[in-house]
Structures are given as structure tokens and as C-alpha cells.
>>> print(open('model10.tsv').read())   # TSV, C-alpha atoms and all ligand atoms
chain	number	residue	atom	x	y	z
A	967	MET	CA	87.81	99.63	81.11
A	968	THR	CA	89.81	102.05	83.23
A	969	PRO	CA	88.52	105.63	82.82
A	970	ILE	CA	90.85	108.21	81.21
A	971	PRO	CA	92.28	110.56	83.88
A	972	GLN	CA	90.59	113.98	83.89
A	973	ILE	CA	91.13	117.37	85.50
A	974	LEU	CA	88.84	118.30	88.39
A	975	HIS	CA	87.85	121.97	88.16
A	976	ILE	CA	86.28	123.75	91.09
A	977	LYS	CA	85.07	126.78	89.14
A	978	GLN	CA	84.25	130.07	90.88
A	979	MET	CA	82.78	128.16	93.80
A	980	LYS	CA	81.36	130.19	96.66
A	981	ILE	CA	79.53	128.75	99.65
A	982	THR	CA	77.59	130.99	101.97
A	983	LEU	CA	76.00	130.32	105.32
A	984	GLU	CA	73.31	132.68	106.59
A	985	GLY	CA	74.39	135.32	104.05
A	986	GLN	CA	78.10	135.18	105.02
A	987	THR	CA	80.76	133.79	102.69
A	988	LEU	CA	82.32	130.69	104.24
A	989	LEU	CA	84.39	129.51	101.26
A	990	ALA	CA	85.44	130.85	97.88
A	991	ILE	CA	87.59	128.59	95.70
A	992	ASN	CA	88.60	128.61	92.04
A	993	GLN	CA	91.04	125.77	91.49
A	994	HIS	CA	92.09	123.06	89.04
A	995	ILE	CA	93.38	119.70	90.23
A	996	ALA	CA	95.33	117.87	87.52
A	997	PRO	CA	95.26	114.07	87.08
A	998	GLY	CA	97.60	112.57	89.67
A	999	GLU	CA	97.86	115.86	91.60
A	1000	VAL	CA	96.91	116.27	95.26
A	1001	LEU	CA	95.51	119.62	96.39
A	1002	THR	CA	95.85	119.97	100.15
A	1003	VAL	CA	93.31	122.02	102.09
A	1004	MET	CA	94.19	123.13	105.59
A	1005	GLY	CA	92.43	125.43	108.03
A	1006	PRO	CA	91.25	125.79	111.60
A	1007	SER	CA	88.16	124.15	113.02
A	1008	GLY	CA	85.03	125.71	111.54
A	1009	SER	CA	86.79	127.11	108.47
A	1010	GLY	CA	84.73	124.94	106.13
A	1011	LYS	CA	86.84	121.87	105.30
A	1012	SER	CA	84.01	119.39	105.83
A	1013	THR	CA	81.64	121.72	103.99
A	1014	LEU	CA	83.97	121.73	100.99
A	1015	LEU	CA	84.15	117.92	100.98
A	1016	ALA	CA	80.36	117.71	101.27
A	1017	TYR	CA	79.94	120.10	98.33
A	1018	LEU	CA	82.35	118.11	96.14
A	1019	ALA	CA	80.92	114.72	97.08
A	1020	GLY	CA	77.34	115.89	96.60
A	1021	PHE	CA	75.89	115.89	100.09
A	1022	LEU	CA	76.02	119.55	101.09
A	1023	SER	CA	73.45	120.41	103.75
A	1024	PRO	CA	70.63	122.67	102.53
A	1025	ALA	CA	71.70	125.09	105.31
A	1026	PHE	CA	74.40	126.28	102.85
A	1027	GLN	CA	74.02	128.10	99.53
A	1028	ALA	CA	76.50	127.11	96.81
A	1029	GLN	CA	77.40	129.07	93.69
A	1030	GLY	CA	79.78	128.10	90.90
A	1031	GLU	CA	80.37	124.87	89.02
A	1032	LEU	CA	82.27	121.63	89.41
A	1033	TYR	CA	83.68	119.82	86.37
A	1034	LEU	CA	85.55	116.60	85.77
A	1035	GLY	CA	87.07	117.21	82.36
A	1036	ASP	CA	84.09	118.44	80.30
A	1037	LYS	CA	81.52	116.75	82.49
A	1038	ARG	CA	79.60	118.94	84.91
A	1039	LEU	CA	79.32	117.25	88.29
A	1040	ASP	CA	77.62	119.69	90.64
A	1041	THR	CA	74.23	119.10	89.02
A	1042	LEU	CA	74.55	115.32	89.51
A	1043	PRO	CA	73.60	113.32	92.61
A	1044	ALA	CA	76.46	111.93	94.71
A	1045	GLU	CA	76.31	108.41	93.28
A	1046	GLN	CA	76.74	109.63	89.69
A	1047	ARG	CA	79.79	111.82	90.31
A	1048	GLY	CA	82.47	109.12	90.30
A	1049	ILE	CA	84.11	110.63	93.36
A	1050	GLY	CA	85.68	108.24	95.88
A	1051	LEU	CA	86.22	109.03	99.55
A	1052	LEU	CA	88.73	107.86	102.12
A	1053	PHE	CA	88.23	108.83	105.74
A	1054	GLN	CA	90.30	108.49	108.91
A	1055	ASP	CA	88.23	105.42	109.76
A	1056	PRO	CA	88.65	102.66	107.13
A	1057	MET	CA	84.94	101.78	107.54
A	1058	LEU	CA	85.25	98.24	106.26
A	1059	PHE	CA	82.04	96.22	106.23
A	1060	PRO	CA	82.38	93.96	109.29
A	1061	HIS	CA	80.13	91.22	107.86
A	1062	LEU	CA	82.27	90.83	104.72
A	1063	SER	CA	85.70	89.26	104.31
A	1064	VAL	CA	88.63	91.27	102.96
A	1065	ALA	CA	87.82	89.98	99.46
A	1066	GLY	CA	84.13	90.76	100.01
A	1067	ASN	CA	85.01	94.33	100.94
A	1068	CYS	CA	87.16	94.68	97.81
A	1069	ARG	CA	84.48	93.08	95.65
A	1070	PHE	CA	81.93	95.58	96.94
A	1071	GLY	CA	83.88	98.37	95.29
A	1072	LEU	CA	84.14	96.73	91.88
A	1073	PRO	CA	81.80	97.96	89.17
A	1074	ARG	CA	79.23	95.26	88.43
A	1075	ARG	CA	80.39	94.44	84.91
A	1076	THR	CA	84.07	94.05	85.83
A	1077	GLN	CA	85.73	91.02	84.25
A	1078	ASN	CA	88.02	88.71	86.24
A	1079	LYS	CA	86.92	90.01	89.62
A	1080	THR	CA	88.82	87.46	91.69
A	1081	GLU	CA	92.08	88.05	89.81
A	1082	ARG	CA	91.74	91.81	90.18
A	1083	ILE	CA	91.22	91.53	93.91
A	1084	THR	CA	94.18	89.16	94.28
A	1085	LYS	CA	96.39	91.59	92.38
A	1086	ALA	CA	95.13	94.61	94.34
A	1087	LEU	CA	95.89	92.89	97.65
A	1088	GLU	CA	99.34	91.88	96.43
A	1089	GLN	CA	100.03	95.50	95.49
A	1090	VAL	CA	99.60	96.60	99.12
A	1091	GLY	CA	101.40	93.69	100.76
A	1092	LEU	CA	98.25	91.74	101.66
A	1093	ALA	CA	98.70	88.69	99.45
A	1094	GLY	CA	96.61	85.78	100.73
A	1095	PHE	CA	94.37	87.95	102.95
A	1096	GLU	CA	91.21	87.35	100.88
A	1097	ALA	CA	89.31	85.25	103.42
A	1098	ARG	CA	90.29	87.26	106.50
A	1099	ASP	CA	87.69	88.94	108.70
A	1100	PRO	CA	88.47	92.71	108.78
A	1101	ALA	CA	88.23	92.67	112.60
A	1102	THR	CA	91.35	90.47	112.72
A	1103	LEU	CA	93.48	93.00	110.79
A	1104	SER	CA	95.73	95.69	112.23
A	1105	GLY	CA	94.84	99.36	111.71
A	1106	GLY	CA	97.39	99.65	108.91
A	1107	GLN	CA	96.13	96.51	107.17
A	1108	GLN	CA	92.55	97.79	107.36
A	1109	ALA	CA	93.67	101.11	105.89
A	1110	ARG	CA	95.27	99.23	102.96
A	1111	VAL	CA	92.07	97.28	102.30
A	1112	ALA	CA	90.08	100.54	102.37
A	1113	LEU	CA	92.51	102.06	99.87
A	1114	MET	CA	92.24	99.12	97.48
A	1115	ARG	CA	88.44	98.97	97.82
A	1116	LEU	CA	88.42	102.64	96.82
A	1117	LEU	CA	90.74	102.16	93.84
A	1118	LEU	CA	88.90	99.06	92.64
A	1119	SER	CA	85.69	101.12	92.49
A	1120	GLN	CA	87.37	103.09	89.66
A	1121	PRO	CA	86.68	106.59	90.95
A	1122	GLN	CA	87.56	109.51	88.69
A	1123	ALA	CA	88.54	111.79	91.55
A	1124	VAL	CA	89.28	111.19	95.22
A	1125	LEU	CA	88.63	113.08	98.45
A	1126	LEU	CA	90.79	112.27	101.48
A	1127	ASP	CA	89.55	113.40	104.89
A	1128	GLU	CA	92.38	113.18	107.46
A	1129	PRO	CA	93.13	109.67	106.18
A	1130	PHE	CA	96.26	109.07	108.29
A	1131	SER	CA	95.32	110.70	111.58
A	1132	LYS	CA	94.39	107.45	113.35
A	1133	LEU	CA	97.63	105.66	112.46
A	1134	ASP	CA	100.77	105.68	114.59
A	1135	THR	CA	103.71	107.77	113.43
A	1136	ALA	CA	105.78	105.05	111.70
A	1137	LEU	CA	102.80	103.62	109.87
A	1138	ARG	CA	101.58	107.07	108.91
A	1139	GLN	CA	104.66	107.74	106.81
A	1140	GLU	CA	104.41	104.34	105.13
A	1141	MET	CA	100.72	104.88	104.31
A	1142	ARG	CA	101.36	108.37	102.95
A	1143	THR	CA	103.86	106.93	100.50
A	1144	LEU	CA	101.50	104.11	99.56
A	1145	VAL	CA	98.31	106.19	99.20
A	1146	PHE	CA	99.85	109.12	97.31
A	1147	GLY	CA	101.87	106.72	95.13
A	1148	GLN	CA	98.79	104.70	94.18
A	1149	LEU	CA	96.67	107.79	93.50
A	1150	ARG	CA	99.40	109.32	91.36
A	1151	GLU	CA	99.82	106.08	89.43
A	1152	ALA	CA	96.07	105.90	88.84
A	1153	GLY	CA	96.17	109.53	87.60
A	1154	LEU	CA	93.42	110.61	89.97
A	1155	PRO	CA	92.87	114.27	90.88
A	1156	THR	CA	92.76	114.28	94.68
A	1157	LEU	CA	91.74	116.74	97.37
A	1158	LEU	CA	93.21	116.15	100.81
A	1159	VAL	CA	91.89	117.74	103.99
A	1160	THR	CA	94.37	117.61	106.84
A	1161	HIS	CA	95.69	119.35	109.93
A	1162	ASP	CA	99.08	117.70	109.54
A	1163	GLU	CA	101.77	119.57	107.61
A	1164	ALA	CA	103.67	116.33	107.04
A	1165	ASP	CA	100.64	115.03	105.08
A	1166	ALA	CA	100.72	118.15	102.93
A	1167	ALA	CA	104.45	117.79	102.33
A	1168	ALA	CA	104.09	114.12	101.37
A	1169	ALA	CA	101.19	114.96	99.05
A	1170	GLY	CA	103.61	117.20	97.17
A	1171	GLY	CA	100.95	119.39	95.52
A	1172	PRO	CA	99.59	122.88	96.04
A	1173	ILE	CA	98.25	123.86	99.47
A	1174	ILE	CA	95.36	126.20	100.19
A	1175	ALA	CA	94.53	127.58	103.62
A	1176	LEU	CA	90.94	128.29	104.63
A	1177	GLY	CA	89.76	130.62	107.35
B	1	LIG	N1	74.46	121.57	108.83
B	1	LIG	C1	74.91	122.75	109.21
B	1	LIG	N2	74.05	123.78	109.43
B	1	LIG	C2	74.50	125.00	109.79
B	1	LIG	N3	75.80	125.30	109.98
B	1	LIG	C3	76.70	124.32	109.79
B	1	LIG	C4	76.32	123.01	109.40
B	1	LIG	N4	77.44	122.25	109.28
B	1	LIG	C5	78.48	123.06	109.60
B	1	LIG	N5	78.05	124.30	109.90
B	1	LIG	C6	78.88	125.46	110.23
B	1	LIG	O1	79.66	125.75	109.05
B	1	LIG	C7	80.98	126.15	109.42
B	1	LIG	C8	82.00	125.25	108.75
B	1	LIG	O2	81.91	123.96	109.31
B	1	LIG	P1	82.82	122.75	108.82
B	1	LIG	O3	82.33	121.52	109.53
B	1	LIG	O4	82.86	122.73	107.35
B	1	LIG	O5	84.27	123.17	109.39
B	1	LIG	P2	85.63	122.31	109.43
B	1	LIG	O6	86.71	123.21	108.90
B	1	LIG	O7	85.44	121.01	108.75
B	1	LIG	O8	85.85	122.08	110.99
B	1	LIG	P3	86.56	120.85	111.81
B	1	LIG	O9	88.05	120.99	111.55
B	1	LIG	O10	86.22	121.18	113.24
B	1	LIG	O11	85.96	119.58	111.33
B	1	LIG	C9	81.02	126.13	110.94
B	1	LIG	O12	80.78	127.46	111.38
B	1	LIG	C10	79.89	125.21	111.33
B	1	LIG	O13	79.36	125.57	112.57
>>> encode(input="model10.tsv", output="C-alpha cells")
Amino acid sequence: MTPIPQILHIKQMKITLEGQTLLAINQHIAPGEVLTVMGPSGSGKSTLLAYLAGFLSPAFQAQGELYLGDKRLDTLPAEQRGIGLLFQDPMLFPHLSVAGNCRFGLPRRTQNKTERITKALEQVGLAGFEARDPATLSGGQQARVALMRLLLSQPQAVLLDEPFSKLDTALRQEMRTLVFGQLREAGLPTLLVTHDEADAAAAGGPIIALG
């Protein structure tokens, strides 16, 4: 069953490093909304992503709470948070086919796995790519597989870390439309870290600047 879309609430969060405040954020992200976070190198973008995903280094001290709807997340380990990540590198498993990569993301009890994968690939213009080796795909095709693997894993919130920065200009615009469209349709609250103002504009949501 597809989870009901929920609000992600970063509540009175403060992260300090060696006694100095690095980040202070109090923000809601609605289902289907993308919050863009921008800021210079060292301003804490990766630290914020690590806090949300659940792998913050013990070098930092975090205060505040993180909720998905009524469910508190910051006390849970990373694998129980239901947060999906998409990075600039698609990071497909090289030893698995395209279908194998997609299947990896599916929750174990999912019904009709093959049909779901077929449909997901069709949705991103990769019909018939099931048996392909990821190494034989273009950068844009790999990015599409990574997106569908993420969505098939049924995350309840998504973090995007410079997801378009490795793509060439024409493809970048196409992938922005595809990624933000799919995330909006799935009703997922999303946090995007980027240096690119065109990403922020395409995301269409609020923007916060760190640093
Ligand atoms: N494990 C760590 N231990 C101590 N300090 C750290 C650690 N990781 C990062 N920092 C420091 O925390 C601050 C924020 O780093 P962070 O990587 O979050 O910045 P960023 O905005 O993601 O930068 P960039 O755009 O260069 O990736 C920096 O001053 C960095 O040196």
C-alpha cells in the first residue's frame, strides 16, 4: 500500500560544532513541496542532510526534533526513517540489471513486482530497458533509473543533494521537470540542496539560505 503523504517538520533544530551554532532551522515541508537550501561551502548543507537522514557525525551536537506527520524521526535510526536520497551520482549497483536495481528498492512484500518495475520504467521513457546493464546507459538514463529505484522504495520524504549537477545543460532541464513532477505527484515532502538557482526556480518552493 502506498503511504499517505505527510508533512515533514524540522522543529526548532539547532546544530552546533565545537560550541558554535552552525545551523538553526524551524521549517515545515508540505507533501509535494520542495524546500531548497542554498549556501556557500562550509555553511552546513551536508550536515543538514546528514541530520535529516540519520547519519550525523558525533562531532556535532543536535537539538530540536524532526517529525513526519505525528511520527518522531530524529530518535530513529536511518533505516527506520523512510527518507529516500538522491545524489549527483546515480550510484546504481553495477552487478545488477536495470530491473535488478529497481527491484532492490521495492519493499519486500510488494505485490506484482515485475509489473510495477515495467510501469515505472515506462513512466520515465525507459520501456524495455529491464535487462540492460547500467554501465551501458547514458548519464540521463542512469539518473532516471536512480529516480525510479528511489520512488519504488516508497519513501515518505526525499532529500536531493545536487542531483542535476553532473548532467549537461539540456538534460538538466529535462530531469528537473521529471524529478520535481514525479515527487509532486507522489506527494513527497522534499529537501533540495543545490548551488544552482535554476534548480531552485524549477523546484518552485521556498528557498532558505545558510551561512
Ligand atoms: N565530521 C566532521 N567533524 C568536524 N567538523 C566537520 C565535520 N564535517 C563537516 N565539518 C565542518 O562543518 C562545517 C559544515 O560542513 P558541511 O560539509 O555541512 O558544509 P557544506 O555546506 O555541505 O559544504 P560544501 O558545499 O563544501 O559541501 C564545515 O565547517 C566543516 O568543516
>>> closest_residue(input="model10.tsv", among="A:Ile1083, A:Leu1072, A:Ala1016, A:Leu1157", to="A:Thr968", atoms="all atoms listed in the file")
A:Leu1072
>>> residues_near_point(input="model10.tsv", point="(82.3, 99.5, 85.0)", cutoff="10 Å", atoms="all atoms listed in the file", output="list of chain:residue names")
A:Met967, A:Thr968, A:Pro969, A:Leu1072, A:Pro1073, A:Arg1074, A:Arg1075, A:Thr1076, A:Gln1077, A:Ser1119, A:Gln1120
>>> residues_near_ligand(input="model10.tsv", ligand="ligand LIG 1 (chain B)", cutoff="10 Å", atoms="all atoms listed in the file", output="ChimeraX atom specification")
/A:981-984,988-989,1003-1017,1022-1026,1127-1128,1159-1161,1176-1177
>>> write_last_selection(input="model10.tsv", atoms="C-alpha atoms", output="short mmCIF file (atom, residue, chain, number, x, y, z; two decimals), in the frame of the given file")
data_model
loop_
_atom_site.label_atom_id
_atom_site.label_comp_id
_atom_site.auth_asym_id
_atom_site.auth_seq_id
_atom_site.Cartn_x
_atom_site.Cartn_y
_atom_site.Cartn_z
CA ILE A 981 79.53 128.75 99.65
CA THR A 982 77.59 130.99 101.97
CA LEU A 983 76.00 130.32 105.32
CA GLU A 984 73.31 132.68 106.59
CA LEU A 988 82.32 130.69 104.24
CA LEU A 989 84.39 129.51 101.26
CA VAL A 1003 93.31 122.02 102.09
CA MET A 1004 94.19 123.13 105.59
CA GLY A 1005 92.43 125.43 108.03
CA PRO A 1006 91.25 125.79 111.60
CA SER A 1007 88.16 124.15 113.02
CA GLY A 1008 85.03 125.71 111.54
CA SER A 1009 86.79 127.11 108.47
CA GLY A 1010 84.73 124.94 106.13
CA LYS A 1011 86.84 121.87 105.30
CA SER A 1012 84.01 119.39 105.83
CA THR A 1013 81.64 121.72 103.99
CA LEU A 1014 83.97 121.73 100.99
CA LEU A 1015 84.15 117.92 100.98
CA ALA A 1016 80.36 117.71 101.27
CA TYR A 1017 79.94 120.10 98.33
CA LEU A 1022 76.02 119.55 101.09
CA SER A 1023 73.45 120.41 103.75
CA PRO A 1024 70.63 122.67 102.53
CA ALA A 1025 71.70 125.09 105.31
CA PHE A 1026 74.40 126.28 102.85
CA ASP A 1127 89.55 113.40 104.89
CA GLU A 1128 92.38 113.18 107.46
CA VAL A 1159 91.89 117.74 103.99
CA THR A 1160 94.37 117.61 106.84
CA HIS A 1161 95.69 119.35 109.93
CA LEU A 1176 90.94 128.29 104.63
CA GLY A 1177 89.76 130.62 107.35
#
>>> closest_residue(input="model10.tsv", among="A:Met1114, A:Val1000, A:Ala1164, A:Leu1062", to="A:Thr1135", atoms="all atoms listed in the file")
A:Ala1164
>>> atom_distance(input="model10.tsv", atom1="atom CA of A:Leu1144", atom2="atom CA of A:Ile991")
28.4 Å
>>> axis_aligned_box(input="model10.tsv", around="stretch 1100-1115 of chain A", padding_each_side="6 Å", output="AutoDock Vina command-line options")
--center_x 92.8 --center_y 96.3 --center_z 105.1 --size_x 21.2 --size_y 23.6 --size_z 27.2
>>> atom_distance(input="model10.tsv", atom1="atom CA of A:Leu1133", atom2="atom CA of A:Arg1082")
26.9 Å
>>> closest_atom_pairs(input="model10.tsv", of="stretch 1053-1157 of chain A", to="stretch 995-999 of chain A", cutoff="10 Å", atoms="all atoms listed in the file", output="CSV")
residue,atom,partner,partner_atom,distance
A:Gln1122,CA,A:Pro997,CA,9.1
A:Ala1123,CA,A:Pro997,CA,8.4
A:Phe1146,CA,A:Gly998,CA,8.7
A:Gly1147,CA,A:Gly998,CA,9.1
A:Gln1148,CA,A:Gly998,CA,9.1
A:Leu1149,CA,A:Gly998,CA,6.2
A:Arg1150,CA,A:Gly998,CA,4.1
A:Glu1151,CA,A:Gly998,CA,6.9
A:Ala1152,CA,A:Gly998,CA,6.9
A:Gly1153,CA,A:Gly998,CA,3.9
A:Leu1154,CA,A:Gly998,CA,4.6
A:Pro1155,CA,A:Pro997,CA,4.5
A:Thr1156,CA,A:Glu999,CA,6.2
A:Leu1157,CA,A:Ile995,CA,7.9
>>> atom_distance(input="model10.tsv", atom1="atom CA of A:Met1057", atom2="atom CA of A:Leu1042")
24.8 Å
>>> closest_residue(input="model10.tsv", among="A:Ala1112, A:Ala990, A:Leu1137, A:Leu1034", to="A:Asn1067", atoms="all atoms listed in the file")
A:Ala1112
>>> residues_around(input="model10.tsv", residues="A:Gly1035", least_positions_apart="4", cutoff="9 Å", atoms="all atoms listed in the file", output="VMD selection string")
chain A and resid 971 to 975
>>> closest_residue(input="model10.tsv", among="A:Pro1172, A:Gly1020, A:Gly1106, A:Pro1060", to="A:Gln993", atoms="only C-alpha atoms")
A:Pro1172
>>> closest_residue(input="model10.tsv", among="A:Asn1078, A:Gln1046, A:Gln978, A:Gln1054", to="A:Ser1131", atoms="all atoms listed in the file")
A:Gln1054
>>> residues_around(input="model10.tsv", residues="A:Phe1095", least_positions_apart="2", cutoff="12 Å", atoms="only C-alpha atoms", output="compact mmCIF listing (two decimals) with C-alpha atoms, in the coordinates of the input")
# COMPACT_ATOMS: atom_id res chain seq x y z
CA SER A 1063 85.70 89.26 104.31
CA VAL A 1064 88.63 91.27 102.96
CA ALA A 1065 87.82 89.98 99.46
CA GLY A 1066 84.13 90.76 100.01
CA ASN A 1067 85.01 94.33 100.94
CA CYS A 1068 87.16 94.68 97.81
CA ILE A 1083 91.22 91.53 93.91
CA THR A 1084 94.18 89.16 94.28
CA LYS A 1085 96.39 91.59 92.38
CA ALA A 1086 95.13 94.61 94.34
CA LEU A 1087 95.89 92.89 97.65
CA GLU A 1088 99.34 91.88 96.43
CA VAL A 1090 99.60 96.60 99.12
CA GLY A 1091 101.40 93.69 100.76
CA LEU A 1092 98.25 91.74 101.66
CA ALA A 1093 98.70 88.69 99.45
CA ALA A 1097 89.31 85.25 103.42
CA ARG A 1098 90.29 87.26 106.50
CA ASP A 1099 87.69 88.94 108.70
CA PRO A 1100 88.47 92.71 108.78
CA THR A 1102 91.35 90.47 112.72
CA LEU A 1103 93.48 93.00 110.79
CA GLN A 1107 96.13 96.51 107.17
CA GLN A 1108 92.55 97.79 107.36
CA ARG A 1110 95.27 99.23 102.96
CA VAL A 1111 92.07 97.28 102.30
>>> closest_residue(input="model10.tsv", among="A:Ala1109, A:Leu1001, A:Val1124, A:Leu1117", to="A:Leu1051", atoms="all atoms listed in the file")
A:Val1124
>>> residues_around(input="model10.tsv", residues="A:Gly1071", least_positions_apart="6", cutoff="7 Å", atoms="all atoms listed in the file", output="ChimeraX atom specification")
/A:1115-1116,1118-1119
>>> write_last_selection(input="model10.tsv", atoms="C-alpha atoms", output="CSV table (one decimal), in the coordinates of the input")
chain,number,residue,atom,x,y,z
A,1115,ARG,CA,88.4,99.0,97.8
A,1116,LEU,CA,88.4,102.6,96.8
A,1118,LEU,CA,88.9,99.1,92.6
A,1119,SER,CA,85.7,101.1,92.5
>>> decode(input="model10.tsv", residues="stretch 1114-1140 of chain A", atoms="N, CA and C atoms", output="PDB file, in the first residue's frame")
ATOM      1  N   MET A1114      13.612   6.206 -10.312  1.00  0.00           N
ATOM      2  CA  MET A1114      12.543   5.217 -10.153  1.00  0.00           C
ATOM      3  C   MET A1114      12.874   4.222  -9.043  1.00  0.00           C
ATOM      4  N   ARG A1115      14.149   3.880  -8.882  1.00  0.00           N
ATOM      5  CA  ARG A1115      14.521   3.000  -7.763  1.00  0.00           C
ATOM      6  C   ARG A1115      14.140   3.672  -6.441  1.00  0.00           C
ATOM      7  N   LEU A1116      14.388   4.977  -6.374  1.00  0.00           N
ATOM      8  CA  LEU A1116      14.028   5.729  -5.165  1.00  0.00           C
ATOM      9  C   LEU A1116      12.514   5.707  -4.939  1.00  0.00           C
ATOM     10  N   LEU A1117      11.745   6.021  -5.988  1.00  0.00           N
ATOM     11  CA  LEU A1117      10.289   6.103  -5.815  1.00  0.00           C
ATOM     12  C   LEU A1117       9.676   4.731  -5.518  1.00  0.00           C
ATOM     13  N   LEU A1118      10.236   3.689  -6.136  1.00  0.00           N
ATOM     14  CA  LEU A1118       9.713   2.345  -5.875  1.00  0.00           C
ATOM     15  C   LEU A1118       9.952   1.913  -4.430  1.00  0.00           C
ATOM     16  N   SER A1119      10.943   2.508  -3.774  1.00  0.00           N
ATOM     17  CA  SER A1119      11.225   2.138  -2.379  1.00  0.00           C
ATOM     18  C   SER A1119      10.197   2.745  -1.424  1.00  0.00           C
ATOM     19  N   GLN A1120       9.242   3.519  -1.975  1.00  0.00           N
ATOM     20  CA  GLN A1120       8.163   4.132  -1.203  1.00  0.00           C
ATOM     21  C   GLN A1120       8.663   4.940  -0.012  1.00  0.00           C
ATOM     22  N   PRO A1121       9.556   5.919  -0.287  1.00  0.00           N
ATOM     23  CA  PRO A1121       9.984   6.782   0.808  1.00  0.00           C
ATOM     24  C   PRO A1121       8.825   7.674   1.238  1.00  0.00           C
ATOM     25  N   GLN A1122       8.943   8.262   2.412  1.00  0.00           N
ATOM     26  CA  GLN A1122       7.891   9.188   2.868  1.00  0.00           C
ATOM     27  C   GLN A1122       8.375  10.629   2.810  1.00  0.00           C
ATOM     28  N   ALA A1123       9.662  10.795   2.579  1.00  0.00           N
ATOM     29  CA  ALA A1123      10.246  12.113   2.354  1.00  0.00           C
ATOM     30  C   ALA A1123      11.522  11.885   1.548  1.00  0.00           C
ATOM     31  N   VAL A1124      11.958  12.924   0.842  1.00  0.00           N
ATOM     32  CA  VAL A1124      13.116  12.755  -0.038  1.00  0.00           C
ATOM     33  C   VAL A1124      14.115  13.882   0.174  1.00  0.00           C
ATOM     34  N   LEU A1125      15.400  13.524   0.130  1.00  0.00           N
ATOM     35  CA  LEU A1125      16.484  14.502   0.186  1.00  0.00           C
ATOM     36  C   LEU A1125      17.230  14.437  -1.145  1.00  0.00           C
ATOM     37  N   LEU A1126      17.423  15.593  -1.762  1.00  0.00           N
ATOM     38  CA  LEU A1126      18.130  15.661  -3.042  1.00  0.00           C
ATOM     39  C   LEU A1126      19.415  16.458  -2.834  1.00  0.00           C
ATOM     40  N   ASP A1127      20.549  15.838  -3.136  1.00  0.00           N
ATOM     41  CA  ASP A1127      21.836  16.509  -2.931  1.00  0.00           C
ATOM     42  C   ASP A1127      22.457  16.799  -4.301  1.00  0.00           C
ATOM     43  N   GLU A1128      22.304  18.018  -4.775  1.00  0.00           N
ATOM     44  CA  GLU A1128      22.847  18.428  -6.087  1.00  0.00           C
ATOM     45  C   GLU A1128      22.535  17.394  -7.166  1.00  0.00           C
ATOM     46  N   PRO A1129      21.277  16.985  -7.317  1.00  0.00           N
ATOM     47  CA  PRO A1129      21.002  15.811  -8.151  1.00  0.00           C
ATOM     48  C   PRO A1129      21.219  16.017  -9.642  1.00  0.00           C
ATOM     49  N   PHE A1130      21.325  17.276 -10.091  1.00  0.00           N
ATOM     50  CA  PHE A1130      21.430  17.512 -11.543  1.00  0.00           C
ATOM     51  C   PHE A1130      22.810  18.014 -11.958  1.00  0.00           C
ATOM     52  N   SER A1131      23.707  18.182 -10.999  1.00  0.00           N
ATOM     53  CA  SER A1131      24.948  18.901 -11.294  1.00  0.00           C
ATOM     54  C   SER A1131      25.884  18.155 -12.249  1.00  0.00           C
ATOM     55  N   LYS A1132      25.690  16.837 -12.403  1.00  0.00           N
ATOM     56  CA  LYS A1132      26.587  16.106 -13.309  1.00  0.00           C
ATOM     57  C   LYS A1132      26.021  15.997 -14.724  1.00  0.00           C
ATOM     58  N   LEU A1133      24.808  16.498 -14.922  1.00  0.00           N
ATOM     59  CA  LEU A1133      24.168  16.356 -16.239  1.00  0.00           C
ATOM     60  C   LEU A1133      24.458  17.573 -17.101  1.00  0.00           C
ATOM     61  N   ASP A1134      24.454  17.387 -18.431  1.00  0.00           N
ATOM     62  CA  ASP A1134      24.679  18.564 -19.279  1.00  0.00           C
ATOM     63  C   ASP A1134      23.425  19.442 -19.299  1.00  0.00           C
ATOM     64  N   THR A1135      23.586  20.664 -19.775  1.00  0.00           N
ATOM     65  CA  THR A1135      22.554  21.693 -19.600  1.00  0.00           C
ATOM     66  C   THR A1135      21.173  21.278 -20.118  1.00  0.00           C
ATOM     67  N   ALA A1136      21.114  20.713 -21.327  1.00  0.00           N
ATOM     68  CA  ALA A1136      19.817  20.374 -21.916  1.00  0.00           C
ATOM     69  C   ALA A1136      19.119  19.299 -21.086  1.00  0.00           C
ATOM     70  N   LEU A1137      19.896  18.307 -20.707  1.00  0.00           N
ATOM     71  CA  LEU A1137      19.352  17.184 -19.943  1.00  0.00           C
ATOM     72  C   LEU A1137      18.937  17.624 -18.536  1.00  0.00           C
ATOM     73  N   ARG A1138      19.670  18.582 -18.017  1.00  0.00           N
ATOM     74  CA  ARG A1138      19.407  19.068 -16.662  1.00  0.00           C
ATOM     75  C   ARG A1138      17.970  19.590 -16.558  1.00  0.00           C
ATOM     76  N   GLN A1139      17.581  20.383 -17.557  1.00  0.00           N
ATOM     77  CA  GLN A1139      16.238  20.959 -17.520  1.00  0.00           C
ATOM     78  C   GLN A1139      15.173  19.860 -17.631  1.00  0.00           C
ATOM     79  N   GLU A1140      15.452  18.886 -18.493  1.00  0.00           N
ATOM     80  CA  GLU A1140      14.504  17.775 -18.663  1.00  0.00           C
ATOM     81  C   GLU A1140      14.365  16.975 -17.361  1.00  0.00           C
TER      82      GLU A1140
END
